[in-house]
$ cat input.cif   # mmCIF, C-alpha atoms
data_final
#
loop_
_atom_site.group_PDB
_atom_site.id
_atom_site.type_symbol
_atom_site.label_atom_id
_atom_site.label_comp_id
_atom_site.auth_asym_id
_atom_site.auth_seq_id
_atom_site.Cartn_x
_atom_site.Cartn_y
_atom_site.Cartn_z
ATOM 1 C CA MET T 266 97.519 76.414 34.351
ATOM 2 C CA THR T 267 99.584 77.590 37.285
ATOM 3 C CA VAL T 268 98.653 81.010 38.642
ATOM 4 C CA THR T 269 101.277 82.781 40.717
ATOM 5 C CA SER T 270 100.307 84.973 43.664
ATOM 6 C CA HIS T 271 101.592 87.990 41.746
ATOM 7 C CA ASP T 272 99.188 87.558 38.822
ATOM 8 C CA ASN T 273 95.639 88.796 38.592
ATOM 9 C CA VAL T 274 93.356 85.863 39.380
ATOM 10 C CA PRO T 275 90.841 85.346 36.570
ATOM 11 C CA THR T 276 87.298 85.647 37.903
ATOM 12 C CA THR T 277 86.433 82.360 36.238
ATOM 13 C CA VAL T 278 88.823 80.566 38.600
ATOM 14 C CA LEU T 279 86.818 81.841 41.564
ATOM 15 C CA ASP T 280 83.320 81.573 40.138
ATOM 16 C CA GLY T 281 82.867 77.862 40.749
ATOM 17 C CA ALA T 282 84.418 78.032 44.193
ATOM 18 C CA VAL T 283 81.997 80.676 45.445
ATOM 19 C CA LYS T 284 78.842 79.224 43.942
ATOM 20 C CA ASP T 285 77.123 78.668 47.270
ATOM 21 C CA TYR T 286 78.765 81.524 49.096
ATOM 22 C CA SER T 287 75.917 83.450 50.663
ATOM 23 C CA ARG T 288 77.224 85.368 53.667
ATOM 24 C CA ASP T 289 75.578 88.487 52.170
ATOM 25 C CA LYS T 290 72.244 87.336 53.613
ATOM 26 C CA VAL T 291 73.791 87.351 57.091
ATOM 27 C CA TYR T 292 75.015 90.902 56.512
ATOM 28 C CA VAL T 293 71.595 92.143 55.370
ATOM 29 C CA LEU T 294 69.846 90.467 58.318
ATOM 30 C CA THR T 295 72.441 91.967 60.670
ATOM 31 C CA ALA T 296 71.784 95.437 59.223
ATOM 32 C CA ILE T 297 68.025 94.987 59.709
ATOM 33 C CA PHE T 298 68.654 93.915 63.310
ATOM 34 C CA LEU T 299 70.875 96.977 63.887
ATOM 35 C CA GLY T 300 68.184 99.215 62.370
ATOM 36 C CA VAL T 301 65.579 97.784 64.750
ATOM 37 C CA VAL T 302 67.854 98.311 67.767
ATOM 38 C CA THR T 303 68.417 101.909 66.641
ATOM 39 C CA LEU T 304 64.643 102.408 66.430
ATOM 40 C CA VAL T 305 64.316 101.169 70.029
ATOM 41 C CA GLU T 306 67.051 103.642 71.045
ATOM 42 C CA ILE T 307 65.162 106.482 69.390
ATOM 43 C CA ALA T 308 61.952 105.294 71.074
ATOM 44 C CA THR T 309 63.561 105.945 74.486
ATOM 45 C CA TYR T 310 63.682 109.616 73.455
ATOM 46 C CA ALA T 311 60.284 109.726 71.728
ATOM 47 C CA PHE T 312 58.380 107.859 74.478
ATOM 48 C CA PRO T 313 60.265 108.606 77.720
ATOM 49 C CA ASP T 314 57.418 107.333 79.936
ATOM 50 C CA PHE T 315 57.338 103.829 78.459
ATOM 51 C CA PRO T 316 57.581 101.455 81.495
ATOM 52 C CA VAL T 317 60.611 99.498 80.219
ATOM 53 C CA TRP T 318 62.866 102.574 80.313
ATOM 54 C CA ALA T 319 60.999 105.026 82.498
ATOM 55 C CA ASP T 320 62.944 107.249 84.938
ATOM 56 C CA GLU T 321 66.355 105.907 85.979
ATOM 57 C CA LEU T 322 66.093 102.803 83.775
ATOM 58 C CA VAL T 323 66.749 104.707 80.558
ATOM 59 C CA VAL T 324 70.527 104.891 81.078
ATOM 60 C CA PRO T 325 71.118 101.130 81.585
ATOM 61 C CA VAL T 326 68.698 100.332 78.725
ATOM 62 C CA LEU T 327 70.586 102.664 76.362
ATOM 63 C CA MET T 328 73.945 101.258 77.506
ATOM 64 C CA ILE T 329 72.772 97.693 76.808
ATOM 65 C CA LEU T 330 71.397 98.631 73.366
ATOM 66 C CA MET T 331 74.627 100.484 72.564
ATOM 67 C CA ALA T 332 76.715 97.452 73.595
ATOM 68 C CA VAL T 333 74.544 95.123 71.484
ATOM 69 C CA LYS T 334 75.044 97.344 68.401
ATOM 70 C CA PHE T 335 78.767 97.776 69.108
ATOM 71 C CA PHE T 336 79.544 94.056 69.408
ATOM 72 C CA THR T 337 77.247 93.070 66.535
ATOM 73 C CA ILE T 338 79.132 95.389 64.165
ATOM 74 C CA VAL T 339 82.525 94.301 65.489
ATOM 75 C CA TYR T 340 81.777 90.576 65.307
ATOM 76 C CA VAL T 341 79.818 90.370 62.039
ATOM 77 C CA PHE T 342 80.772 93.374 59.888
ATOM 78 C CA MET T 343 84.384 93.556 61.084
ATOM 79 C CA HIS T 344 84.650 89.742 60.787
ATOM 80 C CA LEU T 345 85.996 89.108 64.297
ATOM 81 C CA LYS T 346 83.580 86.186 64.453
ATOM 82 C CA PHE T 347 85.195 84.633 61.375
ATOM 83 C CA ASP T 348 88.792 85.779 61.886
ATOM 84 C CA LYS T 349 91.725 84.644 63.998
ATOM 85 C CA PRO T 350 91.286 84.920 67.802
ATOM 86 C CA ILE T 351 94.455 87.005 68.160
ATOM 87 C CA LEU T 352 92.678 89.926 66.454
ATOM 88 C CA THR T 353 89.871 89.732 69.022
ATOM 89 C CA ARG T 354 92.458 89.813 71.820
ATOM 90 C CA ILE T 355 94.259 92.807 70.275
ATOM 91 C CA PHE T 356 91.049 94.801 69.912
ATOM 92 C CA TYR T 357 89.818 93.929 73.418
ATOM 93 C CA MET T 358 93.207 94.912 74.808
ATOM 94 C CA GLY T 359 92.676 98.483 73.595
ATOM 95 C CA LEU T 360 88.979 98.534 74.427
ATOM 96 C CA VAL T 361 89.334 97.184 77.980
ATOM 97 C CA LEU T 362 92.321 99.436 78.671
ATOM 98 C CA ALA T 363 90.312 102.464 77.498
ATOM 99 C CA VAL T 364 87.218 101.538 79.525
ATOM 100 C CA VAL T 365 89.208 100.852 82.730
ATOM 101 C CA VAL T 366 91.357 103.987 82.442
ATOM 102 C CA TYR T 367 88.415 106.286 81.761
ATOM 103 C CA ILE T 368 86.132 104.747 84.397
ATOM 104 C CA ALA T 369 88.967 105.370 86.873
ATOM 105 C CA MET T 370 89.252 108.935 85.599
ATOM 106 C CA LEU T 371 85.497 109.565 85.847
ATOM 107 C CA SER T 372 85.517 108.110 89.355
ATOM 108 C CA THR T 373 88.327 110.481 90.297
ATOM 109 C CA PHE T 374 86.082 113.351 89.249
ATOM 110 C CA ARG T 375 83.148 111.800 91.204
ATOM 111 C CA ILE T 376 80.937 111.806 88.099
ATOM 112 C CA TRP T 377 78.750 109.077 89.585
ATOM 113 C CA PHE T 378 77.535 111.464 92.277
ATOM 114 C CA HIS T 379 75.209 114.209 91.063
ATOM 115 C CA GLY T 380 76.468 117.733 91.607
ATOM 116 C CA GLN T 381 79.924 116.808 92.947
ATOM 117 C CA HIS T 382 81.959 116.866 89.739
ATOM 118 C CA GLY T 383 83.222 119.570 87.357
ATOM 119 C CA MET F 81 110.024 81.119 44.060
ATOM 120 C CA ALA F 82 106.526 81.300 42.738
ATOM 121 C CA GLU F 83 103.782 80.136 45.069
ATOM 122 C CA THR F 84 100.771 78.597 43.441
ATOM 123 C CA LEU F 85 97.353 79.912 44.340
ATOM 124 C CA THR F 86 95.821 76.567 43.501
ATOM 125 C CA SER F 87 97.301 75.168 46.747
ATOM 126 C CA ARG F 88 95.580 77.861 48.839
ATOM 127 C CA PRO F 89 92.017 77.584 50.092
ATOM 128 C CA THR F 90 89.461 79.954 48.626
ATOM 129 C CA ILE F 91 87.237 81.943 50.966
ATOM 130 C CA ALA F 92 84.304 79.713 50.061
ATOM 131 C CA ASP F 93 86.360 76.643 50.998
ATOM 132 C CA ALA F 94 87.224 78.232 54.307
ATOM 133 C CA ASP F 95 83.564 78.977 54.974
ATOM 134 C CA ALA F 96 82.602 75.429 54.140
ATOM 135 C CA HIS F 97 85.195 73.659 56.270
ATOM 136 C CA GLN F 98 86.149 75.820 59.240
ATOM 137 C CA ALA F 99 85.125 78.759 61.403
ATOM 138 C CA SER F 100 87.895 81.016 60.065
ATOM 139 C CA ALA F 101 86.864 82.476 56.714
ATOM 140 C CA HIS F 102 90.178 84.177 56.002
ATOM 141 C CA ILE F 103 93.064 82.886 54.006
ATOM 142 C CA ASP F 104 96.310 82.545 55.983
ATOM 143 C CA ALA F 105 99.075 85.027 55.206
ATOM 144 C CA ASP F 106 102.726 83.957 55.139
ATOM 145 C CA THR F 107 103.508 85.301 58.604
ATOM 146 C CA ASN F 108 103.966 83.714 62.041
ATOM 147 C CA THR F 109 100.434 84.692 63.054
ATOM 148 C CA GLY F 110 98.836 83.810 59.724
ATOM 149 C CA ILE F 111 97.607 87.411 59.535
ATOM 150 C CA SER F 112 99.091 89.909 57.123
ATOM 151 C CA ASN F 113 101.138 92.674 58.721
ATOM 152 C CA THR F 114 98.857 95.322 57.181
ATOM 153 C CA LYS F 115 95.763 93.834 58.747
ATOM 154 C CA LEU F 116 97.474 93.321 62.096
ATOM 155 C CA GLY F 117 98.638 96.931 61.947
ATOM 156 C CA MET F 118 95.099 98.163 61.253
ATOM 157 C CA TRP F 119 93.700 96.242 64.246
ATOM 158 C CA LEU F 120 96.455 97.632 66.495
ATOM 159 C CA PHE F 121 95.644 101.119 65.193
ATOM 160 C CA LEU F 122 91.939 100.607 65.917
ATOM 161 C CA ALA F 123 92.767 99.399 69.444
ATOM 162 C CA SER F 124 94.722 102.614 70.004
ATOM 163 C CA GLU F 125 91.826 104.634 68.586
ATOM 164 C CA CYS F 126 89.663 103.237 71.419
ATOM 165 C CA LEU F 127 91.899 105.185 73.783
ATOM 166 C CA LEU F 128 91.647 108.387 71.703
ATOM 167 C CA PHE F 129 87.863 108.358 71.487
ATOM 168 C CA GLY F 130 87.574 107.084 75.065
ATOM 169 C CA GLY F 131 89.452 110.191 76.194
ATOM 170 C CA LEU F 132 87.247 112.510 74.135
ATOM 171 C CA ILE F 133 84.011 110.861 75.351
ATOM 172 C CA THR F 134 85.217 111.012 78.967
ATOM 173 C CA THR F 135 86.028 114.712 78.597
ATOM 174 C CA TYR F 136 82.549 115.300 77.194
ATOM 175 C CA LEU F 137 80.939 113.453 80.130
ATOM 176 C CA LEU F 138 82.889 115.623 82.563
ATOM 177 C CA TYR F 139 81.969 118.879 80.847
ATOM 178 C CA LYS F 140 78.469 118.219 79.533
ATOM 179 C CA HIS F 141 76.842 120.490 82.094
ATOM 180 C CA PRO F 142 77.546 124.001 80.749
ATOM 181 C CA LEU F 143 78.076 126.873 83.168
ATOM 182 C CA GLU F 144 76.848 129.284 80.474
ATOM 183 C CA GLY F 145 75.222 129.132 77.007
ATOM 184 C CA PRO F 146 72.701 126.581 75.694
ATOM 185 C CA THR F 147 72.460 123.143 77.331
ATOM 186 C CA PRO F 148 72.746 119.935 75.260
ATOM 187 C CA HIS F 149 69.047 119.118 75.348
ATOM 188 C CA GLU F 150 67.992 122.657 74.489
ATOM 189 C CA ILE F 151 69.981 122.522 71.283
ATOM 190 C CA PHE F 152 70.076 118.908 70.037
ATOM 191 C CA ASP F 153 67.727 117.930 67.209
ATOM 192 C CA ILE F 154 67.329 114.210 67.975
ATOM 193 C CA PRO F 155 65.149 113.269 64.949
ATOM 194 C CA PHE F 156 67.727 114.832 62.599
ATOM 195 C CA THR F 157 70.696 113.157 64.319
ATOM 196 C CA SER F 158 68.812 109.848 64.396
ATOM 197 C CA THR F 159 68.457 110.012 60.618
ATOM 198 C CA SER F 160 72.182 110.743 60.251
ATOM 199 C CA SER F 161 72.977 107.811 62.558
ATOM 200 C CA PHE F 162 70.811 105.527 60.476
ATOM 201 C CA VAL F 163 72.588 106.668 57.288
ATOM 202 C CA LEU F 164 76.002 105.892 58.808
ATOM 203 C CA LEU F 165 74.772 102.526 60.084
ATOM 204 C CA MET F 166 73.591 101.543 56.596
ATOM 205 C CA SER F 167 76.959 102.586 55.156
ATOM 206 C CA SER F 168 78.458 99.716 57.179
ATOM 207 C CA LEU F 169 76.179 97.325 55.313
ATOM 208 C CA THR F 170 77.217 98.656 51.897
ATOM 209 C CA MET F 171 80.879 98.469 52.977
ATOM 210 C CA VAL F 172 80.681 94.847 54.055
ATOM 211 C CA LEU F 173 78.846 93.994 50.808
ATOM 212 C CA ALA F 174 81.727 95.626 48.901
ATOM 213 C CA VAL F 175 84.229 93.395 50.727
ATOM 214 C CA SER F 176 82.054 90.390 49.968
ATOM 215 C CA ALA F 177 81.858 91.363 46.274
ATOM 216 C CA ILE F 178 85.633 91.683 45.795
ATOM 217 C CA GLU F 179 86.171 88.369 47.585
ATOM 218 C CA ARG F 180 83.957 86.811 44.885
ATOM 219 C CA GLY F 181 85.829 88.678 42.160
ATOM 220 C CA GLU F 182 82.895 90.939 41.271
ATOM 221 C CA HIS F 183 84.733 94.194 40.602
ATOM 222 C CA GLN F 184 81.855 96.203 39.170
ATOM 223 C CA ARG F 185 79.590 95.328 42.098
ATOM 224 C CA MET F 186 82.397 96.138 44.536
ATOM 225 C CA ARG F 187 82.769 99.612 43.000
ATOM 226 C CA VAL F 188 79.007 100.203 43.220
ATOM 227 C CA TRP F 189 78.912 99.250 46.920
ATOM 228 C CA ILE F 190 81.989 101.321 47.730
ATOM 229 C CA GLY F 191 80.494 104.271 45.849
ATOM 230 C CA ALA F 192 77.281 103.860 47.848
ATOM 231 C CA THR F 193 79.304 103.775 51.088
ATOM 232 C CA ALA F 194 81.118 106.989 50.134
ATOM 233 C CA VAL F 195 77.810 108.707 49.263
ATOM 234 C CA LEU F 196 76.255 107.643 52.591
ATOM 235 C CA GLY F 197 79.369 108.839 54.440
ATOM 236 C CA ALA F 198 79.242 112.175 52.588
ATOM 237 C CA THR F 199 75.554 112.502 53.498
ATOM 238 C CA PHE F 200 76.456 111.983 57.152
ATOM 239 C CA ILE F 201 79.181 114.653 56.957
ATOM 240 C CA ALA F 202 76.809 117.069 55.199
ATOM 241 C CA GLY F 203 74.334 116.504 58.037
ATOM 242 C CA GLN F 204 77.039 117.179 60.612
ATOM 243 C CA ILE F 205 78.075 120.421 58.892
ATOM 244 C CA TYR F 206 74.430 121.503 58.782
ATOM 245 C CA GLU F 207 74.005 120.615 62.479
ATOM 246 C CA PHE F 208 77.125 122.595 63.463
ATOM 247 C CA THR F 209 75.919 125.582 61.396
ATOM 248 C CA VAL F 210 72.550 125.567 63.172
ATOM 249 C CA PHE F 211 74.228 125.287 66.592
ATOM 250 C CA VAL F 212 76.552 128.225 65.887
ATOM 251 C CA ARG F 213 73.582 130.298 64.647
ATOM 252 C CA GLU F 214 71.780 129.497 67.914
ATOM 253 C CA GLY F 215 74.718 130.776 69.947
ATOM 254 C CA LEU F 216 76.784 127.634 70.602
ATOM 255 C CA GLY F 217 80.289 128.480 69.377
ATOM 256 C CA PHE F 218 83.411 126.407 70.018
ATOM 257 C CA THR F 219 84.413 128.593 72.987
ATOM 258 C CA THR F 220 80.924 129.398 74.291
ATOM 259 C CA SER F 221 81.145 126.912 77.163
ATOM 260 C CA ARG F 222 83.092 123.896 78.354
ATOM 261 C CA PHE F 223 80.235 121.748 77.001
ATOM 262 C CA SER F 224 80.486 123.254 73.521
ATOM 263 C CA SER F 225 84.282 122.799 73.370
ATOM 264 C CA ALA F 226 84.029 119.151 74.449
ATOM 265 C CA PHE F 227 81.087 118.500 72.095
ATOM 266 C CA TYR F 228 82.678 120.059 68.988
ATOM 267 C CA THR F 229 86.030 118.376 69.696
ATOM 268 C CA LEU F 230 84.465 114.924 70.062
ATOM 269 C CA THR F 231 82.050 115.070 67.127
ATOM 270 C CA GLY F 232 84.526 117.048 65.012
ATOM 271 C CA PHE F 233 87.244 114.417 65.497
ATOM 272 C CA HIS F 234 84.737 111.772 64.493
ATOM 273 C CA GLY F 235 83.754 113.805 61.426
ATOM 274 C CA ILE F 236 87.426 114.064 60.419
ATOM 275 C CA HIS F 237 87.710 110.274 60.686
ATOM 276 C CA VAL F 238 84.643 109.835 58.455
ATOM 277 C CA THR F 239 86.100 112.296 55.935
ATOM 278 C CA ILE F 240 89.403 110.362 55.847
ATOM 279 C CA GLY F 241 87.349 107.200 55.320
ATOM 280 C CA ILE F 242 85.541 108.774 52.356
ATOM 281 C CA ILE F 243 88.911 109.731 50.817
ATOM 282 C CA MET F 244 90.087 106.123 51.218
ATOM 283 C CA LEU F 245 86.870 104.818 49.628
ATOM 284 C CA VAL F 246 87.191 107.123 46.618
ATOM 285 C CA SER F 247 90.850 106.063 46.276
ATOM 286 C CA LEU F 248 89.757 102.413 46.280
ATOM 287 C CA VAL F 249 87.292 103.044 43.447
ATOM 288 C CA LEU F 250 89.975 104.846 41.423
ATOM 289 C CA LEU F 251 92.488 102.035 42.047
ATOM 290 C CA SER F 252 89.897 99.454 41.068
ATOM 291 C CA LEU F 253 89.082 101.300 37.834
ATOM 292 C CA ARG F 254 92.802 101.142 36.975
ATOM 293 C CA GLY F 255 92.777 97.386 37.648
ATOM 294 C CA LYS F 256 95.027 97.631 40.702
ATOM 295 C CA ILE F 257 92.775 95.689 43.080
ATOM 296 C CA PRO F 258 92.688 92.120 41.775
ATOM 297 C CA GLU F 259 90.964 89.401 43.799
ATOM 298 C CA HIS F 260 94.157 88.297 45.549
ATOM 299 C CA ARG F 261 94.477 91.824 46.933
ATOM 300 C CA SER F 262 90.932 91.932 48.262
ATOM 301 C CA GLU F 263 92.398 92.423 51.722
ATOM 302 C CA THR F 264 93.033 96.075 50.805
ATOM 303 C CA VAL F 265 89.265 96.574 50.619
ATOM 304 C CA GLU F 266 88.777 94.621 53.833
ATOM 305 C CA ILE F 267 91.281 96.822 55.693
ATOM 306 C CA VAL F 268 89.575 100.028 54.549
ATOM 307 C CA GLY F 269 86.319 98.343 55.588
ATOM 308 C CA LEU F 270 87.701 97.711 59.095
ATOM 309 C CA TYR F 271 88.452 101.411 59.450
ATOM 310 C CA TRP F 272 84.997 102.347 58.175
ATOM 311 C CA HIS F 273 83.193 99.974 60.539
ATOM 312 C CA PHE F 274 85.229 101.290 63.446
ATOM 313 C CA VAL F 275 84.142 104.840 62.607
ATOM 314 C CA ASP F 276 80.573 103.513 62.666
ATOM 315 C CA VAL F 277 80.922 101.818 66.083
ATOM 316 C CA VAL F 278 82.403 104.994 67.524
ATOM 317 C CA TRP F 279 79.298 106.844 66.332
ATOM 318 C CA VAL F 280 77.102 104.155 67.923
ATOM 319 C CA VAL F 281 78.696 105.100 71.261
ATOM 320 C CA ILE F 282 78.561 108.867 70.615
ATOM 321 C CA PHE F 283 74.909 108.735 69.548
ATOM 322 C CA ALA F 284 73.867 106.960 72.767
ATOM 323 C CA VAL F 285 76.154 108.767 75.231
ATOM 324 C CA VAL F 286 76.037 112.304 73.832
ATOM 325 C CA TYR F 287 72.601 112.592 72.210
ATOM 326 C CA LEU F 288 70.239 110.099 73.842
ATOM 327 C CA ILE F 289 71.204 109.829 77.514
ATOM 328 C CA PRO F 290 69.329 112.569 79.338
ATOM 329 C CA SER F 291 71.285 115.047 81.494
#

$ encode --input "input.cif" --output "structure tokens"
Amino acid sequence: MTVTSHDNVPTTVLDGAVKDYSRDKVYVLTAIFLGVVTLVEIATYAFPDFPVWADELVVPVLMILMAVKFFTIVYVFMHLKFDKPILTRIFYMGLVLAVVVYIAMLSTFRIWFHGQHG
Amino acid sequence: MAETLTSRPTIADADAHQASAHIDADTNTGISNTKLGMWLFLASECLLFGGLITTYLLYKHPLEGPTPHEIFDIPFTSTSSFVLLMSSLTMVLAVSAIERGEHQRMRVWIGATAVLGATFIAGQIYEFTVFVREGLGFTTSRFSSAFYTLTGFHGIHVTIGIIMLVSLVLLSLRGKIPEHRSETVEIVGLYWHFVDVVWVVIFAVVYLIPS
């Protein structure tokens, strides 16, 4: 039987082909990992005196955790890991442009120096 | 000229034999124009939300009215964040289901995603209501304007996502999303995941980083 790309594909055609297809486990494990990272983020608020993120360390720790969550979602859930490299380049183009432009803007307003911006 | 599907690799074949799990489209890049367009749109959205987050960072110290850490309810927002995070899991499971041709399961996962998204929006409406009752209106201070604009824009994006999810379920019930059009679900999924990653940034930068 020839199936054209304009016809509905019978599920039976696909069933055999996807017998061992188990990427769902990766997704569930990724979600558990993201949940754990979120719990650590919340812990920085609940236990502010914990040595790992005490005082000035809390900002870099939160930034690292945020970046880990961000890139995990983008690579696994948004399939950049499995998809064509050009999509990664397109997304990074926007992301890097945004980060550079707004870091320059924040620097213009001297946000890195307490009490000198606004 | 009819093109036979039997000559194309299935997603399972792609997984088994190469790193790329996506079937090539008939374009120069091998990516469908719709998907390419969505990624370009998401890249541009980085600039939109980057601008809103930057504005918030500049104005987060209010000259009058309540300060962020006097008014934020972190345990409540943490729960909302967790709900939105889990909606990304249900969304990706929906994409996985339609790629396997499991329509009923796809509809269940998409429905779950929409419910989780609606729960997040309900939480945001409740949070805004509490803030207004405590004296933080949109024009109360430069902090409040920047905060409501940023989180409100995000909320609008989530709401649009919920509308797209409900539309997908309705289209699927009418039989208009066969397996070979599973990319439609994937593209809506891309938008939904992006909304989630934006909240990942907002949650850390706006709610968790101390003043």

$ resolve_selection --input "input.cif" --expression "the PyMOL selection byres ((chain F and resi 218-231) around 9)" --output "short mmCIF file (atom, residue, chain, number, x, y, z; two decimals) with C-alpha atoms, in the coordinates of the input"
data_model
loop_
_atom_site.label_atom_id
_atom_site.label_comp_id
_atom_site.auth_asym_id
_atom_site.auth_seq_id
_atom_site.Cartn_x
_atom_site.Cartn_y
_atom_site.Cartn_z
CA PHE F 129 87.86 108.36 71.49
CA LEU F 132 87.25 112.51 74.14
CA ILE F 133 84.01 110.86 75.35
CA THR F 135 86.03 114.71 78.60
CA TYR F 136 82.55 115.30 77.19
CA LEU F 137 80.94 113.45 80.13
CA LEU F 138 82.89 115.62 82.56
CA TYR F 139 81.97 118.88 80.85
CA LYS F 140 78.47 118.22 79.53
CA HIS F 141 76.84 120.49 82.09
CA PRO F 142 77.55 124.00 80.75
CA LEU F 143 78.08 126.87 83.17
CA GLU F 144 76.85 129.28 80.47
CA GLY F 145 75.22 129.13 77.01
CA PRO F 146 72.70 126.58 75.69
CA THR F 147 72.46 123.14 77.33
CA PRO F 148 72.75 119.94 75.26
CA GLN F 204 77.04 117.18 60.61
CA PHE F 208 77.12 122.60 63.46
CA VAL F 212 76.55 128.22 65.89
CA GLY F 215 74.72 130.78 69.95
CA LEU F 216 76.78 127.63 70.60
CA GLY F 217 80.29 128.48 69.38
CA GLY F 232 84.53 117.05 65.01
CA PHE F 233 87.24 114.42 65.50
CA HIS F 234 84.74 111.77 64.49
CA GLY F 235 83.75 113.80 61.43
CA ILE F 236 87.43 114.06 60.42
CA TRP F 279 79.30 106.84 66.33
CA ILE F 282 78.56 108.87 70.61
CA VAL F 286 76.04 112.30 73.83
#

$ residues_around --input "input.cif" --residues "range 241-254 of chain F" --least-positions-apart "5" --cutoff "9 Å" --atoms "all atoms listed in the file" --output "list in words"
His183, Gln184, Met186, Arg187, Val188, Ile190, Gly191, Thr193, Ala194, Val195, Gly197, Ala198, Ile236, Thr264, Val265, Val268, Gly269, Tyr271, Trp272 and Val275 of chain F

$ closest_residue --input "input.cif" --among "F:Glu182, F:Glu125, F:Glu207, F:Glu214" --to "Glu150 in chain F" --atoms "all atoms listed in the file"
F:Glu214

$ resolve_selection --input "input.cif" --expression "the PyMOL selection byres ((chain T and resi 332) around 12)" --output "mmCIF file with C-alpha atoms, in the coordinates of the input"
data_model
loop_
_atom_site.group_PDB
_atom_site.id
_atom_site.type_symbol
_atom_site.label_atom_id
_atom_site.label_comp_id
_atom_site.auth_asym_id
_atom_site.auth_seq_id
_atom_site.Cartn_x
_atom_site.Cartn_y
_atom_site.Cartn_z
ATOM 1 C CA LEU T 299 70.875 96.977 63.887
ATOM 2 C CA VAL T 302 67.854 98.311 67.767
ATOM 3 C CA THR T 303 68.417 101.909 66.641
ATOM 4 C CA GLU T 306 67.051 103.642 71.045
ATOM 5 C CA PRO T 325 71.118 101.130 81.585
ATOM 6 C CA VAL T 326 68.698 100.332 78.725
ATOM 7 C CA LEU T 327 70.586 102.664 76.362
ATOM 8 C CA MET T 328 73.945 101.258 77.506
ATOM 9 C CA ILE T 329 72.772 97.693 76.808
ATOM 10 C CA LEU T 330 71.397 98.631 73.366
ATOM 11 C CA MET T 331 74.627 100.484 72.564
ATOM 12 C CA VAL T 333 74.544 95.123 71.484
ATOM 13 C CA LYS T 334 75.044 97.344 68.401
ATOM 14 C CA PHE T 335 78.767 97.776 69.108
ATOM 15 C CA PHE T 336 79.544 94.056 69.408
ATOM 16 C CA THR T 337 77.247 93.070 66.535
ATOM 17 C CA ILE T 338 79.132 95.389 64.165
ATOM 18 C CA VAL T 339 82.525 94.301 65.489
ATOM 19 C CA TYR T 340 81.777 90.576 65.307
ATOM 20 C CA VAL F 277 80.922 101.818 66.083
ATOM 21 C CA VAL F 278 82.403 104.994 67.524
ATOM 22 C CA VAL F 280 77.102 104.155 67.923
ATOM 23 C CA VAL F 281 78.696 105.100 71.261
ATOM 24 C CA ILE F 282 78.561 108.867 70.615
ATOM 25 C CA ALA F 284 73.867 106.960 72.767
ATOM 26 C CA VAL F 285 76.154 108.767 75.231
#

$ closest_residue --input "input.cif" --among "T:Phe298, T:Tyr292, T:Trp377, T:Phe315" --to "chain F" --atoms "all atoms listed in the file"
T:Tyr292

$ atom_distance --input "input.cif" --atom1 "CA of Thr309 in chain T" --atom2 "CA of Ile154 in chain F"
11.2 Å

$ atom_distance --input "input.cif" --atom1 "CA of Arg288 in chain T" --atom2 "CA of Ile201 in chain F"
29.5 Å

$ closest_residue --input "input.cif" --among "T:Arg375, T:His344, T:Glu321, T:Phe356" --to "chain F" --atoms "all atoms listed in the file"
T:Phe356

$ resolve_selection --input "input.cif" --expression "the PyMOL selection byres ((chain T and resi 349) around 9)" --output "list of chain:residue names"
T:Leu345, T:Lys346, T:Phe347, T:Asp348, T:Pro350, T:Ile351, T:Leu352, T:Thr353, F:Ser100, F:His102, F:Thr109, F:Gly110, F:Ile111

$ closest_residue --input "input.cif" --among "F:Gly203, F:Thr107, F:Glu266, F:Ala192" --to "chain T" --atoms "only C-alpha atoms"
F:Glu266

$ atom_distance --input "input.cif" --atom1 "CA of Ile368 in chain T" --atom2 "CA of Val317 in chain T"
26.4 Å

$ residues_near_point --input "input.cif" --point "(67.2, 112.2, 76.8)" --cutoff "8 Å" --atoms "all atoms listed in the file" --output "list in words"
Thr309, Tyr310 and Pro313 of chain T; His149, Tyr287, Leu288, Ile289, Pro290 and Ser291 of chain F

$ residues_around --input "input.cif" --residues "Asp289 in chain T" --least-positions-apart "2" --cutoff "10 Å" --atoms "all atoms listed in the file" --output "list in words"
Tyr286, Ser287, Val291, Tyr292, Val293, Leu294 and Thr295 of chain T; Leu169, Val172, Leu173, Ala174, Ser176 and Ala177 of chain F

$ write_last_selection --input "input.cif" --atoms "C-alpha atoms" --output "CSV table (one decimal), keeping the file's coordinate frame"
chain,number,residue,atom,x,y,z
T,286,TYR,CA,78.8,81.5,49.1
T,287,SER,CA,75.9,83.4,50.7
T,291,VAL,CA,73.8,87.4,57.1
T,292,TYR,CA,75.0,90.9,56.5
T,293,VAL,CA,71.6,92.1,55.4
T,294,LEU,CA,69.8,90.5,58.3
T,295,THR,CA,72.4,92.0,60.7
F,169,LEU,CA,76.2,97.3,55.3
F,172,VAL,CA,80.7,94.8,54.1
F,173,LEU,CA,78.8,94.0,50.8
F,174,ALA,CA,81.7,95.6,48.9
F,176,SER,CA,82.1,90.4,50.0
F,177,ALA,CA,81.9,91.4,46.3

$ closest_residue --input "input.cif" --among "F:Arg185, F:Arg180, F:Arg213, F:Lys115" --to "Ile151 in chain F" --atoms "all atoms listed in the file"
F:Arg213

$ residues_around --input "input.cif" --residues "range 361-364 of chain T" --least-positions-apart "5" --cutoff "10 Å" --atoms "all atoms listed in the file" --output "short mmCIF file (atom, residue, chain, number, x, y, z; two decimals) with C-alpha atoms, in the coordinates of the input"
data_model
loop_
_atom_site.label_atom_id
_atom_site.label_comp_id
_atom_site.auth_asym_id
_atom_site.auth_seq_id
_atom_site.Cartn_x
_atom_site.Cartn_y
_atom_site.Cartn_z
CA PHE T 356 91.05 94.80 69.91
CA ALA T 369 88.97 105.37 86.87
CA MET T 370 89.25 108.94 85.60
CA ALA F 123 92.77 99.40 69.44
CA SER F 124 94.72 102.61 70.00
CA GLU F 125 91.83 104.63 68.59
CA CYS F 126 89.66 103.24 71.42
CA LEU F 127 91.90 105.18 73.78
CA LEU F 128 91.65 108.39 71.70
CA PHE F 129 87.86 108.36 71.49
CA GLY F 130 87.57 107.08 75.06
CA GLY F 131 89.45 110.19 76.19
CA THR F 134 85.22 111.01 78.97
#
